[in-house]
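Written below as structure tokens is the structure these notes are about.
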Amino acid sequence: MTKLAKNELPYSKEIQRAVSDITILEKTDNYILHGKTGLADAENMITEPIGWFVGWLEENNNIYVFALNIDNISSDDLYKRINIVKESFKSMCLLK
């Protein structure tokens with residue numbers, strides 16, 4: 001994630017910027033939140049469903065990469081992935 005956020009992957013800058021652009025979830029005057037959620041359901045796994053949210057936050061010329069994994073997630077809890085990350089950033093005085 002860090003290399004993608006910094007356009008340091010072994011791909012053209014144009015492709016990396018395109019991927020970065022499609023991952024933008026929120027953009028304000030103070031920050032840009034990039035992310036991708038995912039879910040592996042019980043039908044395709046031996047264990048319970050697993051949900052994740054990965055990405056990065058750009059704020060004040062800094063990049064904060066994150067990865068969240070939630071076990072045993074239900075469809076009613078899917079929205080919590082993004083909220084957990086956002087609340088975590090707020091507790092660190094980010095997402096102003």
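The way I read the labels, and the way they are meant: chains A, B, ... in the order of the structure tokens, residue 1 as the first residue of every chain, and ligand 1 as the first ligand shown, with later ones counted on from there.
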#### Entry: 10 Å contact set for Ala67 (chain A), only C-alpha atoms, chain neighbours under 6 positions out, as a VMD selection string
chain A and resid 1 35 to 37 52 to 56 85
Write the residues you've just listed into a file as a short mmCIF file (atom, residue, chain, number, x, y, z; two decimals), in the first residue's frame, and include N, CA and C atoms for each of them.
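This is the output file selection-v3.cif:
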```cif
data_model
loop_
_atom_site.label_atom_id
_atom_site.label_comp_id
_atom_site.auth_asym_id
_atom_site.auth_seq_id
_atom_site.Cartn_x
_atom_site.Cartn_y
_atom_site.Cartn_z
N MET A 1 0.82 -1.19 0.00
CA MET A 1 0.00 0.00 0.00
C MET A 1 0.87 1.26 0.00
N GLY A 35 -9.34 3.56 -0.15
CA GLY A 35 -9.58 2.26 0.45
C GLY A 35 -10.30 1.30 -0.46
N LYS A 36 -10.24 0.04 -0.05
CA LYS A 36 -10.93 -1.05 -0.74
C LYS A 36 -11.40 -2.04 0.31
N THR A 37 -12.67 -2.36 0.29
CA THR A 37 -13.22 -3.36 1.20
C THR A 37 -13.29 -4.71 0.49
N TRP A 52 -12.59 -7.24 5.30
CA TRP A 52 -11.39 -6.42 5.45
C TRP A 52 -11.59 -5.07 4.79
N PHE A 53 -10.71 -4.16 5.17
CA PHE A 53 -10.67 -2.81 4.61
C PHE A 53 -9.21 -2.39 4.62
N VAL A 54 -8.66 -2.11 3.45
CA VAL A 54 -7.26 -1.71 3.33
C VAL A 54 -7.18 -0.40 2.55
N GLY A 55 -6.13 0.37 2.80
CA GLY A 55 -5.96 1.61 2.07
C GLY A 55 -4.98 2.53 2.74
N TRP A 56 -5.17 3.83 2.49
CA TRP A 56 -4.30 4.81 3.11
C TRP A 56 -5.02 6.15 3.21
N VAL A 85 -11.98 2.19 11.03
CA VAL A 85 -10.76 2.85 10.57
C VAL A 85 -10.87 4.36 10.76
#
```
### Task
Write down as a PyMOL selection string the residues of region 11-71 of chain A whose backbone DSSP state falls under alpha helix (DSSP H).
chain A and resi 13-22
What would the file look like if the residues just selected were written as a PDB file, in the first residue's frame with C-alpha atoms?
```
ATOM      1  CA  LYS A  13       3.045   6.421 -12.922  1.00  0.00           C
ATOM      2  CA  GLU A  14      -0.083   6.783 -15.046  1.00  0.00           C
ATOM      3  CA  ILE A  15      -1.384   3.339 -14.036  1.00  0.00           C
ATOM      4  CA  GLN A  16      -0.536   3.908 -10.378  1.00  0.00           C
ATOM      5  CA  ARG A  17      -2.356   7.269 -10.395  1.00  0.00           C
ATOM      6  CA  ALA A  18      -5.379   5.634 -12.044  1.00  0.00           C
ATOM      7  CA  VAL A  19      -5.534   2.988  -9.321  1.00  0.00           C
ATOM      8  CA  SER A  20      -5.097   5.660  -6.636  1.00  0.00           C
ATOM      9  CA  ASP A  21      -7.904   7.694  -8.172  1.00  0.00           C
ATOM     10  CA  ILE A  22     -10.398   4.825  -8.185  1.00  0.00           C
TER      11      ILE A  22
END
```
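Rounded to one decimal, CA of Tyr31 (chain A) and CA of Glu59 (chain A) lie 4.6 Å from each other.
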Find the residues around Leu25 (chain A) up to 8 Å (only C-alpha atoms counted), leave out those fewer than 3 positions away in its own chain, and share them as a short mmCIF file (atom, residue, chain, number, x, y, z; two decimals) with C-alpha atoms, in the first residue's frame.
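Writing the result to out-v8.cif gives the following:
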```cif
data_model
loop_
_atom_site.label_atom_id
_atom_site.label_comp_id
_atom_site.auth_asym_id
_atom_site.auth_seq_id
_atom_site.Cartn_x
_atom_site.Cartn_y
_atom_site.Cartn_z
CA ILE A 32 -8.00 12.08 1.09
CA LEU A 33 -9.09 8.62 2.23
CA HIS A 34 -8.29 5.76 -0.14
CA GLY A 35 -9.58 2.26 0.45
#
```
### Message
Based on the backbone DSSP call, show me all residues of region 9-59 of chain A assigned strand (DSSP E), as a VMD selection string.
### Response
chain A and resid 24 to 27 31 to 40 50 to 59
